[in-house]
There are 2 protein chains.
Amino acid sequence: MPTYKAPLRDMRFVMHELLDSETVLGSLKGYEEVDKGLIDQVLDEAARFSETILQPMNQSGDAEGCTFKDGEVTTPKGFKEAFKQYCEAGWLGLDGDPEYGGQGLPKILAIATGEMSTSANASWSMYPGLTHGVAKTLHAHADDASKATYVPKLLSGQWTGTMCLTEAHAGTDLGIIRTKAEPLDDGSFSVTGQKIFISAGEHDMTENIVHLVLAKLPDAPAGSKGISMFIVPKFLVNEDGSVGERNTMMCGSIEHKMGINGSATAVLNFDGARGYLVGNINEGLRCMFTMMNAARLDTGLQGLALGEVSYQNALAYAKDRIQSRALSGTKAPDKEADPIIVHADVRRMLLTQKAYTEGARAFAGWLALHLDIEESHEDEKVRHEAGELVALLTPIAKAFMTDNGSTVCNYGMQVLGGHGYIKEWGLEQYVRDVRIAQIYEGTNGIQALDLMGRKVLKDGGAKLRLFGGIVEAFIKENADDEKMQEFTGPLAVLGKEVHESTMKIGMKAMTNPDEAGAAATDYLRVLGHLVYGYFWARMAKVALESDLSDSFYKAKLQTARFYYQRLMPETNTLLATMLSGSDVLLDMHVDAF
Amino acid sequence: MPTYKAPLRDMRFVMHELLDSETVLGSLKGYEEVDKGLIDQVLDEAARFSETILQPMNQSGDAEGCTFKDGEVTTPKGFKEAFKQYCEAGWLGLDGDPEYGGQGLPKILAIATGEMSTSANASWSMYPGLTHGVAKTLHAHADDASKATYVPKLLSGQWTGTMCLTEAHAGTDLGIIRTKAEPLDDGSFSVTGQKIFISAGEHDMTENIVHLVLAKLPDAPAGSKGISMFIVPKFLVNEDGSVGERNTMMCGSIEHKMGINGSATAVLNFDGARGYLVGNINEGLRCMFTMMNAARLDTGLQGLALGEVSYQNALAYAKDRIQSRALSGTKAPDKEADPIIVHADVRRMLLTQKAYTEGARAFAGWLALHLDIEESHEDEKVRHEAGELVALLTPIAKAFMTDNGSTVCNYGMQVLGGHGYIKEWGLEQYVRDVRIAQIYEGTNGIQALDLMGRKVLKDGGAKLRLFGGIVEAFIKENADDEKMQEFTGPLAVLGKEVHESTMKIGMKAMTNPDEAGAAATDYLRVLGHLVYGYFWARMAKVALESDLSDSFYKAKLQTARFYYQRLMPETNTLLATMLSGSDVLLDMHVDAF
């Protein structure tokens, strides 16, 4: 059975040594009291909960799965009790508005605790994760009455939430959804239609579920400009806030999936169900994007989190498993064979896991800090710039972190050899669980189009220049530091290549939009390497300025080198393939495939 | 539910148009009568069997799995009956020696029919696959009496076979196995020990199972030079060939795995079981390699086969599923949205599937033909050279084809978006089923070491030069063909790079063997691209010399271009990373990971 130990040392490194979040947060409204002591305390508590409550029911939850009967869903043994404990400890409302019962802590802490719970139990973490997102969305877009009714119950975990977007014929393309919302005399709406793939759509953990449903009014404009958002609670809510009569919506079934089996993925049938408008009519997609952007970062985190726990278990196996001798001669003469960690190729896999995971953690922490800055900095220009950076980097966080997460989990499994394929050892579950992260919340292909089209080309590269400026400033700051040249040199080259290739693709896309589509996925990975390269260079710098006789810092420096020598060169290929044009993709006749 | 249609057009292209196997086989002893008509007839029949018998029970077999009770294993519904039908039709003995009841057909046909059955049902195909391998091994190494007793029963499928190598503490490192074989007075042996991960190790399909077991005699030398091979039948065989008393060996349990759930993976306990020596004492590993080399090609085929069926279903979905509009404007104005195959990024995934799959098919066909040449050519030098090429390319077939197979199956799933993650659609099963192929029969990391060490460096690059010569000859032949330059140009460059980097690594490895280990996996992929690049160039040539108004040939040419522009450039990265040295991998202290 796999084990999990929260990587607190590395989390503290990111928060305190790399990002100096105490100082940054101290300058933000509402976070003046968030100091190192508080951060460390929260991390310790979250670690304890994830390690002792969530991790032990991860494998059993996978084996047991959710069961559906007569419209009701039973979650795996222990899920309900753990959710109650989690909520009672206040975790769900960690970064929620104190006015609505939240704890008012920064996003960067929520990210760290979310990583831990997901490492320990990705399926279980879906329930609080969705609920958290719904609370945030309602907090941002609902009217005061709805906020008062729903947000405190969500932040306390008394109720959970879902996002109901997808229909059988409409996934990526929400413009063609068919769910209808007809206005009723009292200002509410009658919602009718079917939604599929609804995570946490039905379960036995709470007394009520708050569904955020996208639907169209009878006279709505066609396409994505005619979508509105509604609160459709499983049980209607009485005036006094208590749970009232059952709404006319039912869970029709749940899916049998490759993984995250403890997370109920529901088909929901709305049959004239009572719904309440959130935000303005026909602006539902804009409201949903509040949720989706947070959800995309959270999805990226799944890649990081499952990669981390896969790495931990692969590493333990590689140290323990003895098999053959090192090519360069016996390393463990007292044993029948050497531990497999002596082999270069095993280390290649482990270091890939380590480099992608720690790179992701640094990036995610930085991004979360910028979410906090965007929300709470007193200077509007700073808030705006933080928002621009978050917008640019969110699709990279979602796609790059989950693609790498799949690679990392597959390597973890590979390190175990045959044992990796056996359920008992647990590594194959991580491969299955992480795989959905490349698909939902917008497939990674869609993220790439979002990055290329909406985030880079649409504003003529302004957001990209903003991030490029940060990278350039770092390179300049370290121009005289000889020890940093092995990082700043390649980073500067990659920055220049990104600049040039963005121009080239932008030019080509002006005459043929398919050129953007043809380059998008490779382009996202190139930018991903620029981002990770930047953070690995920064981490190397911290390490170089620390005590290198401490193995933690030495390993940081060595992992940075590994990243630069072994992973970043993927751009050698990507820069070529992404400029190879769209003809080679689009020339083939559909019938000739 | 996924569908499968055998890719007969492409198989015939490979056999007849690309490899001209009729002519090649016609020159080999025993295959004089294997003509195009016979080949096509066999392919048609195999297609029918795979499509109508095996495919329909693929998903049910996965869901049902094998069940273990009191030492006995029940295979999924239909498996037993299909096996009987398969054997009655003579498929198991297709390329077996007619003297022992085989049909005496060439390996290239066995490869093609094996691809089909594996596409249709990978789990089921394990049973005949293992049996076929055991028959081949005994045919090659057993004494006449054992051959007479076992080979006909195996080729007819009356009995099945297994290879029992792995023990709980010994997988890659067979030198440390603990299973003991003690000589008995009658010349047989008493075998005691436990074997794990034994595919088809126990089941309900046949009256007997023939286990090939690696064990050590009491006085055997330590390590891999003290391993002997034994036949240990589940039931002892009477003088008249009928099944006698139960041998003292039992199935202790079966594994719960990520995939190939219809294939029973058994723990086998041998308790003084009666065994019969195969080959010479202490030469068991050499005997087993006969089986393992064939098994490695067969494993590579799993990557091809599951990639093919994943591609077919992803393609069908991409043509059918409408979602959003093409970036370059509406393509299906009569529909609510365009089919997703209009999108460049979806085509990137589909073409990757197509290019890797068809490249693998060409390579595997060529390799199988060289197995036939190695076995049956009248000229010893030709036989020897064919053997050298097979030895060089077998690890590439195993590792490159299965790594690509995983990529291909993951793309197939990705094309389906959320539906790809749902069991009902079947695409996720291919991802799970294909994943084991990167692990068993020697992990792909082991294949890379085998290639680098035993196949390339050990003979000073002689085998590699042999293959390089074939590639060079092709480039020279086409030096004046302008239309071929887009292929022969990059192929020549890659050939040169392979030559140079092999020299560099060879030099480095002379002073530090870890340098070979550090480069091995990337090196294998570089050679894999040289191999596929060669076959794609040859396929492009056939296409260019054919009627390009036929969409099949046009698509071949376009897919060759895709391979050269989008997939082969992976070598840009690999050539850099594989030369980055071993320090970045080995410098880190074990405790610092």
# chains A, B, ... in the order shown; residues from 1 in each chain; ligands from 1

$ residues_around --residues "Gly37 (chain A)" --least-positions-apart "3" --cutoff "12 Å" --atoms "only C-alpha atoms" --output "list of chain:residue names"
A:Arg12, A:Met15, A:His16, A:Glu22, A:Glu33, A:Val34, A:Asp40, A:Gln41, A:Val42, A:Leu43, A:Asp44

$ write_last_selection --atoms "all heavy atoms" --output "tab-separated table (two decimals), in the first residue's frame"
chain	number	residue	atom	x	y	z
A	12	ARG	N	7.57	24.84	2.44
A	12	ARG	CA	8.10	26.00	3.18
A	12	ARG	C	9.18	26.70	2.37
A	12	ARG	O	9.29	27.93	2.40
A	12	ARG	CB	8.66	25.54	4.54
A	12	ARG	CG	7.57	25.07	5.46
A	12	ARG	CD	8.03	24.92	6.91
A	12	ARG	NE	6.86	24.55	7.69
A	12	ARG	CZ	6.69	23.36	8.30
A	12	ARG	NH1	7.65	22.46	8.26
A	12	ARG	NH2	5.58	23.11	8.95
A	15	MET	N	7.23	28.82	-0.11
A	15	MET	CA	6.52	29.95	0.50
A	15	MET	C	7.46	30.98	1.10
A	15	MET	O	7.29	32.17	0.91
A	15	MET	CB	5.60	29.43	1.59
A	15	MET	CG	4.51	28.55	1.02
A	15	MET	SD	2.97	28.90	1.82
A	15	MET	CE	1.99	27.61	1.13
A	16	HIS	N	8.44	30.49	1.85
A	16	HIS	CA	9.27	31.43	2.60
A	16	HIS	C	10.53	31.85	1.85
A	16	HIS	O	10.83	33.03	1.74
A	16	HIS	CB	9.68	30.81	3.94
A	16	HIS	CG	8.51	30.34	4.75
A	16	HIS	ND1	7.36	31.08	4.89
A	16	HIS	CD2	8.30	29.19	5.44
A	16	HIS	CE1	6.49	30.41	5.66
A	16	HIS	NE2	7.04	29.26	5.99
A	22	GLU	N	5.38	35.85	3.14
A	22	GLU	CA	5.02	36.62	4.33
A	22	GLU	C	5.06	38.12	4.03
A	22	GLU	O	4.13	38.86	4.35
A	22	GLU	CB	6.00	36.29	5.47
A	22	GLU	CG	5.61	36.92	6.80
A	22	GLU	CD	6.64	36.61	7.90
A	22	GLU	OE1	7.74	36.11	7.58
A	22	GLU	OE2	6.33	36.87	9.07
A	33	GLU	N	-1.89	39.86	8.97
A	33	GLU	CA	-1.47	39.01	10.10
A	33	GLU	C	-1.00	37.61	9.69
A	33	GLU	O	-0.74	36.76	10.53
A	33	GLU	CB	-2.62	38.90	11.11
A	33	GLU	CG	-2.75	40.17	11.93
A	33	GLU	CD	-4.08	40.26	12.65
A	33	GLU	OE1	-4.54	39.21	13.14
A	33	GLU	OE2	-4.65	41.37	12.70
A	34	VAL	N	-0.96	37.41	8.38
A	34	VAL	CA	-0.50	36.09	7.92
A	34	VAL	C	1.02	36.05	7.96
A	34	VAL	O	1.69	36.55	7.06
A	34	VAL	CB	-1.00	35.81	6.49
A	34	VAL	CG1	-0.50	34.45	6.03
A	34	VAL	CG2	-2.50	35.88	6.43
A	40	ASP	N	3.06	28.10	8.69
A	40	ASP	CA	3.62	26.79	9.06
A	40	ASP	C	2.63	25.97	9.87
A	40	ASP	O	2.53	24.75	9.72
A	40	ASP	CB	4.93	26.97	9.84
A	40	ASP	CG	6.05	27.41	8.91
A	40	ASP	OD1	5.84	27.39	7.68
A	40	ASP	OD2	7.13	27.77	9.41
A	41	GLN	N	1.90	26.64	10.72
A	41	GLN	CA	0.92	25.94	11.54
A	41	GLN	C	-0.19	25.32	10.68
A	41	GLN	O	-0.57	24.17	10.86
A	41	GLN	CB	0.33	26.93	12.54
A	41	GLN	CG	-0.45	26.28	13.66
A	41	GLN	CD	-1.24	27.33	14.46
A	41	GLN	OE1	-0.91	28.52	14.44
A	41	GLN	NE2	-2.30	26.88	15.11
A	42	VAL	N	-0.66	26.12	9.73
A	42	VAL	CA	-1.71	25.62	8.83
A	42	VAL	C	-1.18	24.44	8.02
A	42	VAL	O	-1.86	23.41	7.87
A	42	VAL	CB	-2.20	26.75	7.89
A	42	VAL	CG1	-3.13	26.18	6.82
A	42	VAL	CG2	-2.93	27.83	8.69
A	43	LEU	N	0.04	24.58	7.52
A	43	LEU	CA	0.62	23.47	6.74
A	43	LEU	C	0.73	22.20	7.58
A	43	LEU	O	0.40	21.11	7.11
A	43	LEU	CB	1.99	23.87	6.20
A	43	LEU	CG	2.03	25.00	5.14
A	43	LEU	CD1	3.47	25.25	4.70
A	43	LEU	CD2	1.16	24.65	3.92
A	44	ASP	N	1.19	22.35	8.80
A	44	ASP	CA	1.33	21.18	9.67
A	44	ASP	C	-0.01	20.47	9.90
A	44	ASP	O	-0.10	19.25	9.85
A	44	ASP	CB	1.90	21.60	11.04
A	44	ASP	CG	3.39	21.88	10.96
A	44	ASP	OD1	4.02	21.47	9.96
A	44	ASP	OD2	3.92	22.54	11.88

$ interface_residues --of "chain A" --to "chain B" --cutoff "7 Å" --atoms "only C-alpha atoms" --output "JSON, numbers by chain"
{"A": [170, 172, 173, 255, 256, 257, 258, 323, 324, 327, 328, 344, 345, 347, 348, 414, 417, 418, 421, 422, 423, 428, 436, 439, 440, 443, 445, 512, 513, 514, 517, 518, 551, 552, 555, 558, 561, 562, 565, 566, 569, 570, 572, 573, 577, 580, 582, 584, 585, 586, 588, 592, 593]}

$ closest_residue --among "A:Cys66, A:Ala110, A:Leu451, A:Val471" --to "Ala294 (chain A)" --atoms "only C-alpha atoms"
A:Ala110

$ select_by_dssp --residues "region 105-272 of chain B" --states "alpha helix (DSSP H)" --output "number ranges by chain"
B: 107-120, 122-141, 144-155

$ residues_around --residues "Ala397 (chain A)" --least-positions-apart "2" --cutoff "12 Å" --atoms "only C-alpha atoms" --output "MDAnalysis selection string"
chainID A and resid 293:304 359:368 389:395 399:405 437:438 444 447:448 451 524:525 527:529 531:532

$ write_last_selection --atoms "C-alpha atoms" --output "tab-separated table (two decimals), in the first residue's frame"
chain	number	residue	atom	x	y	z
A	293	ASN	CA	-10.23	29.74	-13.94
A	294	ALA	CA	-9.92	28.67	-10.33
A	295	ALA	CA	-10.92	25.17	-11.36
A	296	ARG	CA	-8.22	25.14	-14.02
A	297	LEU	CA	-5.53	25.98	-11.53
A	298	ASP	CA	-6.97	23.36	-9.18
A	299	THR	CA	-6.88	20.85	-12.02
A	300	GLY	CA	-3.27	21.71	-12.67
A	301	LEU	CA	-2.67	21.05	-9.00
A	302	GLN	CA	-3.95	17.51	-9.46
A	303	GLY	CA	-1.05	16.92	-11.82
A	304	LEU	CA	1.35	18.24	-9.20
A	359	GLY	CA	8.84	23.08	-10.59
A	360	ALA	CA	5.06	22.85	-10.55
A	361	ARG	CA	4.93	23.61	-6.83
A	362	ALA	CA	6.97	26.78	-7.24
A	363	PHE	CA	4.89	27.90	-10.21
A	364	ALA	CA	1.56	27.14	-8.54
A	365	GLY	CA	2.59	28.97	-5.38
A	366	TRP	CA	3.63	32.02	-7.37
A	367	LEU	CA	0.39	31.93	-9.33
A	368	ALA	CA	-1.69	31.65	-6.17
A	389	LEU	CA	-0.31	37.32	-15.54
A	390	VAL	CA	-2.85	34.95	-14.01
A	391	ALA	CA	-4.88	35.01	-17.23
A	392	LEU	CA	-1.83	34.24	-19.34
A	393	LEU	CA	-0.50	31.50	-17.11
A	394	THR	CA	-3.71	29.70	-16.12
A	395	PRO	CA	-3.92	27.56	-19.29
A	399	ALA	CA	-2.24	21.82	-19.31
A	400	PHE	CA	1.50	21.78	-18.63
A	401	MET	CA	1.09	20.67	-15.03
A	402	THR	CA	-1.33	17.87	-15.93
A	403	ASP	CA	0.57	16.63	-18.98
A	404	ASN	CA	3.67	16.50	-16.84
A	405	GLY	CA	1.64	14.96	-14.03
A	437	ALA	CA	-6.90	16.13	-15.39
A	438	GLN	CA	-5.70	16.38	-18.99
A	444	ASN	CA	-5.42	20.47	-22.78
A	447	GLN	CA	-6.07	25.27	-23.08
A	448	ALA	CA	-3.50	25.56	-25.83
A	451	LEU	CA	-3.33	30.48	-24.57
A	524	LEU	CA	2.00	25.85	-24.78
A	525	ARG	CA	4.71	23.37	-23.87
A	527	LEU	CA	5.95	28.47	-22.74
A	528	GLY	CA	5.61	25.91	-19.99
A	529	HIS	CA	9.34	25.27	-20.18
A	531	VAL	CA	7.92	29.24	-16.94
A	532	TYR	CA	9.44	26.21	-15.20

$ select_by_dssp --residues "region 169-289 of chain B" --states "strand (DSSP E)" --output "VMD selection string"
chain B and resid 180 to 183 189 to 199 208 to 215 228 to 233 235 to 237 243 to 246 249 to 254 265 to 278

$ residues_around --residues "Ile373 (chain A)" --least-positions-apart "5" --cutoff "8 Å" --atoms "only C-alpha atoms" --output "mmCIF file with all heavy atoms, in the first residue's frame"
data_model
loop_
_atom_site.group_PDB
_atom_site.id
_atom_site.type_symbol
_atom_site.label_atom_id
_atom_site.label_comp_id
_atom_site.auth_asym_id
_atom_site.auth_seq_id
_atom_site.Cartn_x
_atom_site.Cartn_y
_atom_site.Cartn_z
ATOM 1 N N LEU A 25 2.331 38.998 1.267
ATOM 2 C CA LEU A 25 0.983 38.973 1.834
ATOM 3 C C LEU A 25 0.801 40.092 2.858
ATOM 4 O O LEU A 25 -0.277 40.681 2.966
ATOM 5 C CB LEU A 25 0.708 37.611 2.498
ATOM 6 C CG LEU A 25 0.584 36.439 1.528
ATOM 7 C CD1 LEU A 25 0.636 35.113 2.273
ATOM 8 C CD2 LEU A 25 -0.718 36.547 0.724
ATOM 9 N N LEU A 28 -0.737 43.121 1.624
ATOM 10 C CA LEU A 28 -2.084 43.044 1.045
ATOM 11 C C LEU A 28 -3.148 43.246 2.118
ATOM 12 O O LEU A 28 -2.994 42.790 3.248
ATOM 13 C CB LEU A 28 -2.299 41.679 0.374
ATOM 14 C CG LEU A 28 -1.322 41.297 -0.741
ATOM 15 C CD1 LEU A 28 -1.711 39.941 -1.317
ATOM 16 C CD2 LEU A 28 -1.308 42.365 -1.845
ATOM 17 N N VAL A 382 -1.164 47.364 -10.039
ATOM 18 C CA VAL A 382 -0.565 46.091 -9.602
ATOM 19 C C VAL A 382 -1.607 44.977 -9.676
ATOM 20 O O VAL A 382 -1.319 43.861 -10.133
ATOM 21 C CB VAL A 382 -0.007 46.215 -8.160
ATOM 22 C CG1 VAL A 382 0.516 44.870 -7.661
ATOM 23 C CG2 VAL A 382 1.085 47.268 -8.118
ATOM 24 N N ARG A 383 -2.808 45.296 -9.243
ATOM 25 C CA ARG A 383 -3.890 44.303 -9.322
ATOM 26 C C ARG A 383 -4.120 43.874 -10.774
ATOM 27 O O ARG A 383 -4.224 42.697 -11.083
ATOM 28 C CB ARG A 383 -5.202 44.870 -8.773
ATOM 29 C CG ARG A 383 -5.297 44.956 -7.266
ATOM 30 C CD ARG A 383 -6.756 44.963 -6.791
ATOM 31 N NE ARG A 383 -7.588 45.991 -7.401
ATOM 32 C CZ ARG A 383 -7.643 47.255 -7.007
ATOM 33 N NH1 ARG A 383 -6.927 47.668 -5.975
ATOM 34 N NH2 ARG A 383 -8.435 48.130 -7.631
ATOM 35 N N ALA A 386 -1.277 41.730 -12.109
ATOM 36 C CA ALA A 386 -1.363 40.382 -11.533
ATOM 37 C C ALA A 386 -2.456 39.593 -12.264
ATOM 38 O O ALA A 386 -2.265 38.413 -12.596
ATOM 39 C CB ALA A 386 -1.655 40.454 -10.046
#
